[in-house]
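Visitor: Can you keep this structure in mind? I'll have questions shortly.
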Amino acid sequence: MRIYIDEMHRLWRTPGIIFAVIIACFATFGVLNIQSKKILNYVQASDYKEAFSQLENLSPEEAYAGYADKQYGVMDFSREALLNNAIKSELSETVSYEAYLDGITDTSDRITSVSIFADKDSFSYRNAKKISEKYEKLKGRIETETGPSKGVELWSGNGIVGIIIILVLMLMINEMILKDRENGQLNLLFTMDKGREAHGAVKLLVCATSAFAVTFIILLTDFFTCAYLFGIGDITRPVQSVVGLKGCIYEISVLEYMLIYFLLLSITAAVVSTVVFFTASLINSSVMVYLAVAGIFGVEAVLYYLINENSYLAFFREFNLISFLNTGRYMSVYGNVSLAGYPVDRLLFVIISLAVIAAVLVPLSVRAYGAQNTIVVKRNRIRSLFGKRAVQGSVSVMRHEAYRLLICGGTLWVLIFFAVFSIMDYTPAREYFENEDDFYYKRYLRKYEGPVTDDKLKAVGAEQVGFREKGEELSLVLAECPPELAADIAAQYQEELKPEAGLAMLVQRIDALKENGGYIVYDTGYRLLTFDSMAARKELTLAITAGIMVVLSLTFLFAGDDRLYMDRVTSVTFRGRKKLLAKKILLGCGILLVIYAVNYVPDVLSTLKVYGSSGLSFPAQSVVNLEGTVFEKLGFNIGGCVLFFQMLKYLVMVFEMLVLSIISKKLRSLSRTMVTGMVVFVGPLLILYVIK
């Protein structure tokens with residue numbers, strides 16, 4: 001017990017851990033504020049909260065009756081109309097809970113009556129029947145009450161909470177294992193009364209306890225934020241009173257639901273921390289630890305998002321860390337997992353799965369921790385990277401640092417792994433049209449590509465006249481033809497008139513180009529390469545990948561020396577530390593160039609190949625998102641803008657490298673620098689990607 005208390009005290013008094021928890025709370029608050037704006041379109045959360053505060057003493061039927069008579073036009077976008085429609089819709093769901101249950105059982109009966117689902121030995125039939133039975137038992141037993149739903153829905157449906165909790169726990173595991181290993185503390189464990197394994201068991205228990213503590217702190221922040229934004233209402237009301245939780249089959253209150261949610265998420269976080277603990281104990285290299293953890297979660301994410309619930313591989317989707325972290329998924333609505341064709345309650349499946357994983361990994365983690373070795377620094381002769389001759393005397397600083405980083409630091413393997421993964425994961429760009437009008441608009445842009453001339457304006461005008469005449473001809477024909485032929489004739493003419501909308505879009509675009517001096521060009525590809533909003537998710541994905549690679553590839557370049565205070569040794573050498581730092585930065589820029597080439601260049605080439613590159617010499621204002629920008633004022637062409645944004649991406653990576661060197665100097669720890677770099681460079685982008 002004394003060791004446990006000491007380890008808990010040592011962990012939770014570390015400034016880095018305290019700072020990480022505080023940052024996590026602020027991140028949770030920020031994410032919820034961003035997500036709240038998407039929940040109620042054009043409706044203020046404060047107005048929503050105030051409206052429900054006046055209804056909580058009324059029954060759902062009474063509250064709904066007060067809004068049922070308020071009618072607004074479809075095109076009425078006033079603040080009052082939007083708020084009333086939102087509350088009316090929510091109250092309607094609360095009042096119709098029994099109808100909701102009837103709908104589930106009716107749907108189940110219809111499904112089982114269809115011939116393809118009528119096989120009584122099939123999972124589909126058994127699943128439908130079991131779902132129907134579960135919800136049938138709730139009829140007449142639950143009385144919903146009036147209260148705001150959005151706050152509780154946001155609290156339990158906020159998937160980013162799980163990610164934030166895991167990031168904080170990874171930092172804690174780093175503090176307990178990797179930092180001790182780097183400092184050579186494992187050797188001291190040989191002299192302990194009970195040896196390493198007892199100490200490993202204590203550290204694992206600290207991980208589990210910390211998982212509960214971190215989950216509680218984050219969810220408490222989540223609760224107060226949601227209460228501040230939307231209000232929570234009476235937490236003793238049945239959980240089915242919350243619109244988004246109507247599918248819950250348990251006769252519990254909102255408070256009981258929150259407690260169970262906290263308990264399940266805490267247990268899941270503890271099990272996930274055990275996975276990370278086991279990985280960190282098994283692998284000596286800090287870089288490889290994070291690569292392994294990233295690989296585990298990457299594979300789990302692929303299985304979770306690509307496998308359908310009804311697939312024969314659904315077991316791998318459900319027996320999945322990502323699935324376990326999505327607590328609201330199996331608490332808010334009833335569902336089953338197919339095991340040998342039999343439906344098993346998803347919540348029961350999750351609990352048993354977590355218990356099995358814990359039972360297997362806990363003893364393995366303790367043994368792995370006890371069997372690990374301290375990091376051994378090899379003192380072999382340095383061999384030239386560019387020759388076979390052994391270096392007996394001195395070697396250039398650049399070659400020495402390159403060897404130390406690429407070979408000793410494992411960066412070469414990281415780059416090889418990244419290149420192989422990028423090749424296997426490469427997906428060429430594909431042309432995309434939102435609708436048929438966009439397709440015809442593209443055809444006209446291609447047809448009239450280039451400067452806006454009088455000849456082109458005349459040709460476009462002539463096409464407009466042609467469509468107008470064709471429309472008039474259609475009117476005359478329909479007026480004279482028999483009624484039974486009208487539909488076929490109209491369809492034939494409509495086929496010929498389809499490009500008219502695309503031509504109208506071209507005319508509108510030409511009007512803008514005549515004002516700013518731009519050229520007619522099919523600009524979708526150029527927009528994708530110049531930070532247009534349509535490329536937001538793609539750019540976030542590439543930026544997240546680049547950030548991860550910067551941290552994994554270059555942390556050892558700086559932290560390898562900083563953790564041993566070698567910068568103080570080099571400061572008294574003939575050339576001094578500035579010369580060495582300059583060489584390191586130059587080497588880092590070379591590594592970043594490789595990362596950039598693998599990460600970004602294929603996307604640029606693929607986009608230009610699909611959307612075309614003939615307009616690169618056209619003025620920048622020819623592209624929609626570059627109109628009125630500084631590029632137009634400076635006289636840039638499209639190619640110059642594309643090049644600028646690509647250079648900007650590389651410079652951002654260089655800036656991340658410089659910040660990483662500063663972090664390394666402050667922390668003087670390889671693992672802590674790596675974790676901090678991930679949190680600083682990748683964390684915000686990951687949050688934006690999730691809530692985008």
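The chains in the structure tokens are called A, B, ... from first to last as shown; in each chain the residues are counted from 1, and the ligands are counted from 1 in the order shown.
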Can you pull out the residues contacting Ser365 of chain A? Cut-off 7 Å, using only C-alpha atoms, and skip same-chain residues under 5 positions away; I want them as a PyMOL selection string.

Guide: chain A and resi 277-278+281

Visitor: Could you list, as an mmCIF file with N, CA and C atoms, in the first residue's frame, every residue within 12 Å of Leu348 of chain A, counting only C-alpha atoms and ignoring same-chain residues fewer than 5 positions away?

Guide:
data_model
loop_
_atom_site.group_PDB
_atom_site.id
_atom_site.type_symbol
_atom_site.label_atom_id
_atom_site.label_comp_id
_atom_site.auth_asym_id
_atom_site.auth_seq_id
_atom_site.Cartn_x
_atom_site.Cartn_y
_atom_site.Cartn_z
ATOM 1 N N LEU A 264 -18.716 2.575 -16.899
ATOM 2 C CA LEU A 264 -18.325 1.817 -18.091
ATOM 3 C C LEU A 264 -17.164 2.487 -18.819
ATOM 4 N N GLU A 318 -17.157 -5.277 -33.185
ATOM 5 C CA GLU A 318 -17.657 -5.102 -31.826
ATOM 6 C C GLU A 318 -16.579 -5.362 -30.779
ATOM 7 N N PHE A 319 -15.734 -6.373 -31.011
ATOM 8 C CA PHE A 319 -14.637 -6.671 -30.087
ATOM 9 C C PHE A 319 -13.475 -5.753 -30.453
ATOM 10 N N PHE A 324 -15.542 -0.016 -27.822
ATOM 11 C CA PHE A 324 -15.709 0.039 -26.372
ATOM 12 C C PHE A 324 -15.744 1.477 -25.854
ATOM 13 N N TYR A 330 -23.908 1.811 -27.002
ATOM 14 C CA TYR A 330 -24.597 0.625 -26.498
ATOM 15 C C TYR A 330 -25.392 0.905 -25.219
ATOM 16 N N MET A 331 -25.365 2.155 -24.765
ATOM 17 C CA MET A 331 -26.198 2.527 -23.619
ATOM 18 C C MET A 331 -27.492 3.211 -24.050
ATOM 19 N N TYR A 334 -30.789 -0.173 -27.640
ATOM 20 C CA TYR A 334 -30.515 -1.599 -27.481
ATOM 21 C C TYR A 334 -30.045 -2.185 -28.804
ATOM 22 N N GLY A 335 -29.074 -3.071 -28.721
ATOM 23 C CA GLY A 335 -28.586 -3.762 -29.908
ATOM 24 C C GLY A 335 -27.961 -5.078 -29.523
ATOM 25 N N ASN A 336 -27.760 -5.938 -30.530
ATOM 26 C CA ASN A 336 -27.191 -7.268 -30.291
ATOM 27 C C ASN A 336 -25.976 -7.505 -31.160
ATOM 28 N N VAL A 337 -25.122 -8.370 -30.690
ATOM 29 C CA VAL A 337 -23.953 -8.819 -31.433
ATOM 30 C C VAL A 337 -24.190 -10.266 -31.862
ATOM 31 N N PRO A 343 -28.118 -13.767 -31.172
ATOM 32 C CA PRO A 343 -27.978 -12.370 -30.731
ATOM 33 C C PRO A 343 -27.630 -12.277 -29.254
ATOM 34 N N SER A 353 -16.223 -8.745 -22.674
ATOM 35 C CA SER A 353 -15.009 -8.529 -23.472
ATOM 36 C C SER A 353 -13.963 -7.772 -22.673
ATOM 37 N N LEU A 354 -14.376 -6.721 -21.983
ATOM 38 C CA LEU A 354 -13.432 -5.952 -21.170
ATOM 39 C C LEU A 354 -12.848 -6.809 -20.053
ATOM 40 N N ALA A 355 -13.679 -7.641 -19.459
ATOM 41 C CA ALA A 355 -13.205 -8.525 -18.391
ATOM 42 C C ALA A 355 -12.182 -9.524 -18.927
#

Visitor: Grab the atom CA of Pro619 of chain A to atom CA of Gly450 of chain A distance for me, in Å with one decimal place.

Guide: 10.3 Å

Visitor: Report as JSON lines the residues of segment 93-173 of chain A within 10 Å of segment 37-41 of chain A, each with its shortest atom pair and distance in Å (one decimal), using only C-alpha atoms, ordered by chain and increasing residue number.

Guide:
{"residue": "A:Lys150", "atom": "CA", "partner": "A:Ile39", "partner_atom": "CA", "distance": 7.6}
{"residue": "A:Gly151", "atom": "CA", "partner": "A:Ile39", "partner_atom": "CA", "distance": 10.0}
{"residue": "A:Glu153", "atom": "CA", "partner": "A:Ile39", "partner_atom": "CA", "distance": 9.7}
{"residue": "A:Leu154", "atom": "CA", "partner": "A:Ile39", "partner_atom": "CA", "distance": 8.5}

Visitor: Enter the distance from atom CA of Gly518 of chain A to atom CA of Pro451 of chain A, in Å, rounded to one decimal.

Guide: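 We find that atom CA of Gly518 of chain A and atom CA of Pro451 of chain A lie 7.2 Å from each other.
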
Visitor: Would you list the contacts of Ala208 of chain A as a PyMOL selection string, taking every protein, DNA or RNA residue within 9 Å and counting only C-alpha atoms, but skipping same-chain residues closer than 4 positions in sequence?

Guide: chain A and resi 203-204+212-213+266-267+269-271+273-274

Visitor: Given the selection you just returned, output its residues as a file containing C-alpha atoms, formatted as a JSON list (two decimals), in the first residue's frame.

Guide:
[["chain", "number", "residue", "atom", "x", "y", "z"],
["A", 203, "LYS", "CA", 2.12, 0.80, -11.40],
["A", 204, "LEU", "CA", -0.64, -0.98, -13.30],
["A", 212, "PHE", "CA", -11.06, 6.47, -13.13],
["A", 213, "ALA", "CA", -9.79, 9.82, -11.83],
["A", 266, "SER", "CA", -13.76, 4.39, -16.69],
["A", 267, "ILE", "CA", -13.41, 0.61, -16.95],
["A", 269, "ALA", "CA", -10.19, 3.60, -20.15],
["A", 270, "ALA", "CA", -8.49, 1.38, -17.55],
["A", 271, "VAL", "CA", -8.43, -1.56, -19.97],
["A", 273, "SER", "CA", -4.39, 1.93, -20.44],
["A", 274, "THR", "CA", -3.47, -1.70, -19.73]]

Visitor: For segment 422-431 of chain A, work out the shell of residues within 10 Å, counting only C-alpha atoms and skipping chain neighbours fewer than 2 positions away, then give it as a short mmCIF file (atom, residue, chain, number, x, y, z; two decimals) with N, CA and C atoms, in the first residue's frame.

Guide:
data_model
loop_
_atom_site.label_atom_id
_atom_site.label_comp_id
_atom_site.auth_asym_id
_atom_site.auth_seq_id
_atom_site.Cartn_x
_atom_site.Cartn_y
_atom_site.Cartn_z
N ILE A 416 10.75 4.28 -43.42
CA ILE A 416 10.43 3.13 -44.27
C ILE A 416 9.00 2.66 -44.02
N PHE A 417 8.66 2.57 -42.75
CA PHE A 417 7.29 2.17 -42.40
C PHE A 417 6.28 3.16 -42.98
N PHE A 418 6.58 4.44 -42.87
CA PHE A 418 5.68 5.48 -43.38
C PHE A 418 5.55 5.38 -44.91
N ALA A 419 6.66 5.16 -45.59
CA ALA A 419 6.61 5.05 -47.05
C ALA A 419 5.80 3.84 -47.49
N VAL A 420 6.02 2.70 -46.83
CA VAL A 420 5.27 1.49 -47.17
C VAL A 420 3.78 1.68 -46.90
N PHE A 433 -18.80 15.42 -58.57
CA PHE A 433 -19.81 16.41 -58.92
C PHE A 433 -20.95 16.31 -57.93
N THR A 524 -11.85 23.48 -59.88
CA THR A 524 -12.05 22.60 -58.73
C THR A 524 -10.74 22.04 -58.20
N GLY A 525 -9.88 21.57 -59.09
CA GLY A 525 -8.59 21.02 -58.67
C GLY A 525 -7.71 22.05 -57.99
N VAL A 598 6.59 12.29 -49.41
CA VAL A 598 5.76 11.09 -49.30
C VAL A 598 4.31 11.45 -48.96
N ASN A 599 4.13 12.48 -48.14
CA ASN A 599 2.80 12.81 -47.63
C ASN A 599 1.99 13.67 -48.59
N PRO A 602 2.18 13.08 -53.71
CA PRO A 602 1.22 12.25 -54.45
C PRO A 602 -0.16 12.88 -54.56
N ASP A 603 -0.59 13.58 -53.52
CA ASP A 603 -1.91 14.23 -53.56
C ASP A 603 -1.93 15.35 -54.59
N VAL A 604 -0.85 16.14 -54.65
CA VAL A 604 -0.78 17.24 -55.62
C VAL A 604 -0.79 16.71 -57.04
N LEU A 605 0.05 15.72 -57.32
CA LEU A 605 0.14 15.17 -58.67
C LEU A 605 -1.17 14.50 -59.08
N SER A 606 -1.78 13.76 -58.16
CA SER A 606 -3.03 13.07 -58.47
C SER A 606 -4.15 14.06 -58.75
N THR A 607 -4.22 15.14 -57.96
CA THR A 607 -5.26 16.16 -58.16
C THR A 607 -5.10 16.86 -59.50
N LEU A 608 -3.86 17.23 -59.84
CA LEU A 608 -3.61 17.89 -61.12
C LEU A 608 -3.89 16.96 -62.29
N LYS A 609 -3.62 15.67 -62.11
CA LYS A 609 -3.87 14.71 -63.19
C LYS A 609 -5.36 14.56 -63.45
N VAL A 610 -6.16 14.52 -62.38
CA VAL A 610 -7.60 14.31 -62.53
C VAL A 610 -8.31 15.58 -63.01
N TYR A 611 -7.97 16.73 -62.40
CA TYR A 611 -8.70 17.96 -62.70
C TYR A 611 -8.03 18.83 -63.76
#
